[in-house]
Amino acid sequence: MLIAGNWKMYKGRRATHEFVEAFEPPPGVDVVLCPPYVSLREAAAGGVRVYAQNVHWAAEGAFTGEVSAPMLAELGVAGAIVGHSERRQYFGETDETVARRAVAALEAGLGVIACVGESEEEREAGQTELVLRIQVEALADSVGAHERLVVAYEPVWAIGTGKTATPETAHEAHALVKSMLEVPVLYGGSVKPENAEELLAQEGVDGALVGGASLDVDSFTAICATAARIRS
Ligand code: 13P
């Protein structure tokens, strides 16, 4: 069971330091923190496994504002998220660029959490399966079932909205992803200490990618503890 905390654009160095000082991951669960780039080093120094929130496909080059996989590895970063819906929605990320980023990260020895998920309009139009198939196929074709690849199913309508997928919806989506790509699949979208148990108990749910609730050390620890309890 893997619980990853995606801090998005929250927590600079000081707040990161305070968090990792106070955070004691419960035994029996893999935990990853994904702080902003500027806080990666601070988080890693706290002894936690750390992933970046994105990574470029080239090792170096004229790509202003980007950070490469070898640079992250040198910093002691263990992996990267790719294809988060906020990257797809606001920064023009496509299935092709997501796949290129994933390939480069894996080649550099990093782990990858690749995000997929349908929007509210797509779900209402009955296109969930089609959207997931296209997104997962791009990963299956370029990367395949790599041992350091994890997929996160994050329905866009559940991110930061307080709406969560029902355990059945999550189960269905995870089964679809796994039928195309045999890798662990995390659920993401308004995971909180109050709903973690019913989501994580679903067959095919191998962990969670937590946004808002990962910013508070107590709620993130509670979710990690729930995961550890379910696994044992
Ligand atoms: P919330 O947990 O805040 O809904 O965010 C989910 C997410 O986007 C994690 O990557």
# chains A, B, ... in the order shown; residues from 1 in each chain; ligands from 1
>>> residues_around(residues="Ala145 (chain A)", least_positions_apart="2", cutoff="6 Å", atoms="only C-alpha atoms", output="ChimeraX atom specification")
/A:181-183
>>> write_last_selection(atoms="N, CA and C atoms", output="PDB file, in the first residue's frame")
ATOM      1  N   LEU A 181      -2.814  -2.429 -18.015  1.00  0.00           N
ATOM      2  CA  LEU A 181      -1.459  -2.196 -17.539  1.00  0.00           C
ATOM      3  C   LEU A 181      -1.378  -2.771 -16.126  1.00  0.00           C
ATOM      4  N   GLU A 182      -0.570  -3.808 -15.978  1.00  0.00           N
ATOM      5  CA  GLU A 182      -0.535  -4.486 -14.680  1.00  0.00           C
ATOM      6  C   GLU A 182       0.428  -3.805 -13.716  1.00  0.00           C
ATOM      7  N   VAL A 183      -0.048  -2.712 -13.128  1.00  0.00           N
ATOM      8  CA  VAL A 183       0.768  -1.970 -12.159  1.00  0.00           C
ATOM      9  C   VAL A 183      -0.143  -1.598 -10.978  1.00  0.00           C
TER      10      VAL A 183
END
>>> closest_atom_pairs(of="chain A", to="ligand 1", cutoff="10 Å", atoms="only C-alpha atoms and all ligand atoms", output="JSON lines")
{"residue": "A:Ala4", "atom": "CA", "partner": "ligand 1", "partner_atom_place_in_ligand_line": "9 (C)", "distance": 8.3}
{"residue": "A:Gly5", "atom": "CA", "partner": "ligand 1", "partner_atom_place_in_ligand_line": "9 (C)", "distance": 7.1}
{"residue": "A:Asn6", "atom": "CA", "partner": "ligand 1", "partner_atom_place_in_ligand_line": "10 (O)", "distance": 5.1}
{"residue": "A:Trp7", "atom": "CA", "partner": "ligand 1", "partner_atom_place_in_ligand_line": "9 (C)", "distance": 7.9}
{"residue": "A:Lys8", "atom": "CA", "partner": "ligand 1", "partner_atom_place_in_ligand_line": "10 (O)", "distance": 7.5}
{"residue": "A:Cys34", "atom": "CA", "partner": "ligand 1", "partner_atom_place_in_ligand_line": "10 (O)", "distance": 9.2}
{"residue": "A:Gln53", "atom": "CA", "partner": "ligand 1", "partner_atom_place_in_ligand_line": "10 (O)", "distance": 8.9}
{"residue": "A:Ile81", "atom": "CA", "partner": "ligand 1", "partner_atom_place_in_ligand_line": "10 (O)", "distance": 8.5}
{"residue": "A:Gly83", "atom": "CA", "partner": "ligand 1", "partner_atom_place_in_ligand_line": "10 (O)", "distance": 9.9}
{"residue": "A:His84", "atom": "CA", "partner": "ligand 1", "partner_atom_place_in_ligand_line": "10 (O)", "distance": 6.6}
{"residue": "A:Ser85", "atom": "CA", "partner": "ligand 1", "partner_atom_place_in_ligand_line": "8 (O)", "distance": 7.3}
{"residue": "A:Glu86", "atom": "CA", "partner": "ligand 1", "partner_atom_place_in_ligand_line": "8 (O)", "distance": 7.6}
{"residue": "A:Ile113", "atom": "CA", "partner": "ligand 1", "partner_atom_place_in_ligand_line": "10 (O)", "distance": 9.8}
{"residue": "A:Cys115", "atom": "CA", "partner": "ligand 1", "partner_atom_place_in_ligand_line": "10 (O)", "distance": 8.0}
{"residue": "A:Ala152", "atom": "CA", "partner": "ligand 1", "partner_atom_place_in_ligand_line": "10 (O)", "distance": 8.3}
{"residue": "A:Tyr153", "atom": "CA", "partner": "ligand 1", "partner_atom_place_in_ligand_line": "10 (O)", "distance": 9.4}
{"residue": "A:Glu154", "atom": "CA", "partner": "ligand 1", "partner_atom_place_in_ligand_line": "8 (O)", "distance": 6.8}
{"residue": "A:Pro155", "atom": "CA", "partner": "ligand 1", "partner_atom_place_in_ligand_line": "8 (O)", "distance": 8.9}
{"residue": "A:Val156", "atom": "CA", "partner": "ligand 1", "partner_atom_place_in_ligand_line": "8 (O)", "distance": 7.9}
{"residue": "A:Trp157", "atom": "CA", "partner": "ligand 1", "partner_atom_place_in_ligand_line": "4 (O)", "distance": 8.9}
{"residue": "A:Ala158", "atom": "CA", "partner": "ligand 1", "partner_atom_place_in_ligand_line": "4 (O)", "distance": 6.0}
{"residue": "A:Ile159", "atom": "CA", "partner": "ligand 1", "partner_atom_place_in_ligand_line": "4 (O)", "distance": 3.5}
{"residue": "A:Gly160", "atom": "CA", "partner": "ligand 1", "partner_atom_place_in_ligand_line": "4 (O)", "distance": 3.5}
{"residue": "A:Thr161", "atom": "CA", "partner": "ligand 1", "partner_atom_place_in_ligand_line": "4 (O)", "distance": 6.1}
{"residue": "A:Gly162", "atom": "CA", "partner": "ligand 1", "partner_atom_place_in_ligand_line": "4 (O)", "distance": 6.7}
{"residue": "A:Lys163", "atom": "CA", "partner": "ligand 1", "partner_atom_place_in_ligand_line": "4 (O)", "distance": 8.1}
{"residue": "A:Thr164", "atom": "CA", "partner": "ligand 1", "partner_atom_place_in_ligand_line": "4 (O)", "distance": 8.1}
{"residue": "A:Tyr187", "atom": "CA", "partner": "ligand 1", "partner_atom_place_in_ligand_line": "9 (C)", "distance": 8.8}
{"residue": "A:Gly188", "atom": "CA", "partner": "ligand 1", "partner_atom_place_in_ligand_line": "6 (C)", "distance": 5.1}
{"residue": "A:Gly189", "atom": "CA", "partner": "ligand 1", "partner_atom_place_in_ligand_line": "4 (O)", "distance": 3.9}
{"residue": "A:Ser190", "atom": "CA", "partner": "ligand 1", "partner_atom_place_in_ligand_line": "4 (O)", "distance": 3.4}
{"residue": "A:Val191", "atom": "CA", "partner": "ligand 1", "partner_atom_place_in_ligand_line": "2 (O)", "distance": 5.1}
{"residue": "A:Lys192", "atom": "CA", "partner": "ligand 1", "partner_atom_place_in_ligand_line": "2 (O)", "distance": 7.3}
{"residue": "A:Ala208", "atom": "CA", "partner": "ligand 1", "partner_atom_place_in_ligand_line": "9 (C)", "distance": 8.4}
{"residue": "A:Leu209", "atom": "CA", "partner": "ligand 1", "partner_atom_place_in_ligand_line": "9 (C)", "distance": 5.0}
{"residue": "A:Val210", "atom": "CA", "partner": "ligand 1", "partner_atom_place_in_ligand_line": "2 (O)", "distance": 4.4}
{"residue": "A:Gly211", "atom": "CA", "partner": "ligand 1", "partner_atom_place_in_ligand_line": "2 (O)", "distance": 3.4}
{"residue": "A:Gly212", "atom": "CA", "partner": "ligand 1", "partner_atom_place_in_ligand_line": "3 (O)", "distance": 3.7}
{"residue": "A:Ala213", "atom": "CA", "partner": "ligand 1", "partner_atom_place_in_ligand_line": "2 (O)", "distance": 6.0}
{"residue": "A:Ser214", "atom": "CA", "partner": "ligand 1", "partner_atom_place_in_ligand_line": "2 (O)", "distance": 7.6}
{"residue": "A:Leu215", "atom": "CA", "partner": "ligand 1", "partner_atom_place_in_ligand_line": "3 (O)", "distance": 9.2}
>>> residues_around(residues="Ala52 (chain A)", least_positions_apart="3", cutoff="7 Å", atoms="only C-alpha atoms", output="VMD selection string")
chain A and resid 34 to 37 79 to 81
>>> select_by_dssp(residues="region 126-200 of chain A", states="strand (DSSP E or B)", output="list in words")
Leu149, Val150, Val151, Ala152, Tyr153, Val185, Leu186, Tyr187 and Gly188 of chain A
>>> select_by_dssp(residues="region 41-138 of chain A", states="helix (DSSP H, G or I)", output="PyMOL selection string")
chain A and resi 41-45+69-74+85-90+95-107+120-124+128-138
>>> closest_residue(among="A:Ala228, A:Ala102, A:Val32, A:Ala22", to="Val55 (chain A)", atoms="only C-alpha atoms")
A:Ala102
>>> residues_around(residues="Ala69 (chain A)", least_positions_apart="6", cutoff="8 Å", atoms="only C-alpha atoms", output="ChimeraX atom specification")
/A:55-59,104-105,108,110
>>> closest_residue(among="A:Leu2, A:Met71, A:Leu130, A:Ala173", to="Pro27 (chain A)", atoms="only C-alpha atoms")
A:Leu2
>>> residues_around(residues="Glu137 (chain A)", least_positions_apart="3", cutoff="10 Å", atoms="only C-alpha atoms", output="ChimeraX atom specification")
/A:95,99,131-134,140-144,177,180-181
>>> write_last_selection(atoms="N, CA, C and O atoms", output="short mmCIF file (atom, residue, chain, number, x, y, z; two decimals), in the first residue's frame")
data_model
loop_
_atom_site.label_atom_id
_atom_site.label_comp_id
_atom_site.auth_asym_id
_atom_site.auth_seq_id
_atom_site.Cartn_x
_atom_site.Cartn_y
_atom_site.Cartn_z
N ASP A 95 -1.21 13.37 -23.56
CA ASP A 95 -0.82 11.97 -23.33
C ASP A 95 0.59 11.71 -23.83
O ASP A 95 1.34 10.94 -23.25
N ALA A 99 3.75 10.64 -21.44
CA ALA A 99 4.48 9.39 -21.68
C ALA A 99 5.98 9.66 -21.80
O ALA A 99 6.80 8.91 -21.25
N VAL A 131 -11.99 7.58 -22.25
CA VAL A 131 -10.94 8.51 -21.83
C VAL A 131 -9.83 7.75 -21.10
O VAL A 131 -8.64 7.95 -21.37
N LEU A 132 -10.23 6.88 -20.18
CA LEU A 132 -9.22 6.12 -19.43
C LEU A 132 -8.43 5.22 -20.36
O LEU A 132 -7.20 5.10 -20.24
N ARG A 133 -9.13 4.60 -21.31
CA ARG A 133 -8.43 3.71 -22.24
C ARG A 133 -7.36 4.45 -23.03
O ARG A 133 -6.24 3.98 -23.19
N ILE A 134 -7.71 5.65 -23.51
CA ILE A 134 -6.75 6.43 -24.32
C ILE A 134 -5.56 6.85 -23.45
O ILE A 134 -4.40 6.72 -23.85
N ALA A 140 0.87 2.45 -21.59
CA ALA A 140 1.13 1.03 -21.86
C ALA A 140 2.04 0.90 -23.09
O ALA A 140 2.97 0.08 -23.10
N ASP A 141 1.80 1.73 -24.11
CA ASP A 141 2.60 1.65 -25.34
C ASP A 141 4.03 2.11 -25.12
O ASP A 141 4.97 1.55 -25.67
N SER A 142 4.21 3.16 -24.32
CA SER A 142 5.55 3.74 -24.21
C SER A 142 6.36 3.12 -23.08
O SER A 142 7.57 2.97 -23.19
N VAL A 143 5.71 2.78 -22.00
CA VAL A 143 6.42 2.32 -20.81
C VAL A 143 6.15 0.85 -20.51
O VAL A 143 7.06 0.10 -20.15
N GLY A 144 4.92 0.43 -20.63
CA GLY A 144 4.54 -0.93 -20.24
C GLY A 144 4.50 -1.06 -18.73
O GLY A 144 4.59 -0.07 -18.00
N VAL A 177 -8.02 0.01 -15.56
CA VAL A 177 -6.60 0.37 -15.70
C VAL A 177 -5.74 -0.89 -15.64
O VAL A 177 -4.88 -1.13 -16.49
N MET A 180 -5.38 -3.16 -18.57
CA MET A 180 -4.53 -2.68 -19.68
C MET A 180 -3.06 -2.59 -19.29
O MET A 180 -2.19 -2.66 -20.14
N LEU A 181 -2.81 -2.43 -18.02
CA LEU A 181 -1.46 -2.20 -17.54
C LEU A 181 -1.38 -2.77 -16.13
O LEU A 181 -2.03 -2.26 -15.22
#
>>> atom_distance(atom1="CA of Asp218 (chain A)", atom2="CA of Leu149 (chain A)")
28.1 Å
>>> residues_around(residues="Glu172 (chain A)", least_positions_apart="5", cutoff="12 Å", atoms="only C-alpha atoms", output="list in words")
Thr128, Glu129, Leu132, Tyr153, Ala165, Thr166, Pro167, Val177, Lys178, Ser179, Val185, Tyr187, Gln202, Glu203, Gly204 and Val205 of chain A
>>> write_last_selection(atoms="N, CA, C and O atoms", output="mmCIF file, in the first residue's frame")
data_model
loop_
_atom_site.group_PDB
_atom_site.id
_atom_site.type_symbol
_atom_site.label_atom_id
_atom_site.label_comp_id
_atom_site.auth_asym_id
_atom_site.auth_seq_id
_atom_site.Cartn_x
_atom_site.Cartn_y
_atom_site.Cartn_z
ATOM 1 N N THR A 128 -16.217 7.878 -19.784
ATOM 2 C CA THR A 128 -15.166 7.560 -18.809
ATOM 3 C C THR A 128 -14.247 6.448 -19.303
ATOM 4 O O THR A 128 -13.024 6.581 -19.284
ATOM 5 N N GLU A 129 -14.848 5.371 -19.766
ATOM 6 C CA GLU A 129 -14.021 4.226 -20.170
ATOM 7 C C GLU A 129 -13.118 4.585 -21.349
ATOM 8 O O GLU A 129 -11.922 4.267 -21.351
ATOM 9 N N LEU A 132 -10.229 6.881 -20.178
ATOM 10 C CA LEU A 132 -9.220 6.124 -19.432
ATOM 11 C C LEU A 132 -8.427 5.218 -20.361
ATOM 12 O O LEU A 132 -7.204 5.099 -20.238
ATOM 13 N N TYR A 153 -5.458 6.865 -10.383
ATOM 14 C CA TYR A 153 -6.757 7.216 -10.965
ATOM 15 C C TYR A 153 -7.323 8.370 -10.168
ATOM 16 O O TYR A 153 -7.667 8.217 -8.988
ATOM 17 N N ALA A 165 -15.171 9.573 -5.474
ATOM 18 C CA ALA A 165 -15.757 8.463 -6.213
ATOM 19 C C ALA A 165 -16.330 7.488 -5.181
ATOM 20 O O ALA A 165 -15.770 7.336 -4.095
ATOM 21 N N THR A 166 -17.435 6.839 -5.508
ATOM 22 C CA THR A 166 -17.901 5.780 -4.616
ATOM 23 C C THR A 166 -16.873 4.648 -4.701
ATOM 24 O O THR A 166 -16.165 4.524 -5.704
ATOM 25 N N PRO A 167 -16.798 3.840 -3.657
ATOM 26 C CA PRO A 167 -15.856 2.714 -3.723
ATOM 27 C C PRO A 167 -16.088 1.864 -4.970
ATOM 28 O O PRO A 167 -15.135 1.376 -5.572
ATOM 29 N N VAL A 177 -8.018 0.013 -15.560
ATOM 30 C CA VAL A 177 -6.598 0.368 -15.703
ATOM 31 C C VAL A 177 -5.744 -0.888 -15.637
ATOM 32 O O VAL A 177 -4.876 -1.128 -16.485
ATOM 33 N N LYS A 178 -6.023 -1.737 -14.644
ATOM 34 C CA LYS A 178 -5.204 -2.932 -14.446
ATOM 35 C C LYS A 178 -5.347 -3.933 -15.589
ATOM 36 O O LYS A 178 -4.438 -4.714 -15.852
ATOM 37 N N SER A 179 -6.520 -3.907 -16.256
ATOM 38 C CA SER A 179 -6.698 -4.840 -17.382
ATOM 39 C C SER A 179 -5.804 -4.432 -18.559
ATOM 40 O O SER A 179 -5.500 -5.237 -19.424
ATOM 41 N N VAL A 185 -2.373 0.644 -8.641
ATOM 42 C CA VAL A 185 -3.191 1.812 -8.988
ATOM 43 C C VAL A 185 -3.651 2.500 -7.694
ATOM 44 O O VAL A 185 -4.287 1.888 -6.835
ATOM 45 N N TYR A 187 -5.819 5.605 -5.761
ATOM 46 C CA TYR A 187 -6.992 6.450 -5.971
ATOM 47 C C TYR A 187 -6.668 7.852 -5.466
ATOM 48 O O TYR A 187 -6.053 8.016 -4.403
ATOM 49 N N GLN A 202 -11.151 -1.265 -0.957
ATOM 50 C CA GLN A 202 -11.610 -1.826 -2.236
ATOM 51 C C GLN A 202 -10.533 -2.667 -2.898
ATOM 52 O O GLN A 202 -9.371 -2.281 -2.933
ATOM 53 N N GLU A 203 -10.954 -3.784 -3.458
ATOM 54 C CA GLU A 203 -10.031 -4.603 -4.236
ATOM 55 C C GLU A 203 -9.525 -3.774 -5.424
ATOM 56 O O GLU A 203 -10.300 -3.052 -6.063
ATOM 57 N N GLY A 204 -8.243 -3.831 -5.674
ATOM 58 C CA GLY A 204 -7.689 -3.087 -6.811
ATOM 59 C C GLY A 204 -7.258 -1.677 -6.462
ATOM 60 O O GLY A 204 -6.682 -0.984 -7.293
ATOM 61 N N VAL A 205 -7.548 -1.243 -5.242
ATOM 62 C CA VAL A 205 -7.060 0.069 -4.796
ATOM 63 C C VAL A 205 -5.789 -0.179 -3.975
ATOM 64 O O VAL A 205 -5.842 -0.736 -2.885
#
>>> closest_residue(among="A:Gly46, A:Pro70, A:Gly61, A:Pro193", to="Glu18 (chain A)", atoms="only C-alpha atoms")
A:Gly46
>>> residues_around(residues="Glu194 (chain A)", least_positions_apart="6", cutoff="10 Å", atoms="only C-alpha atoms", output="list in words")
Ser219, Ala222, Ile223 and Thr226 of chain A
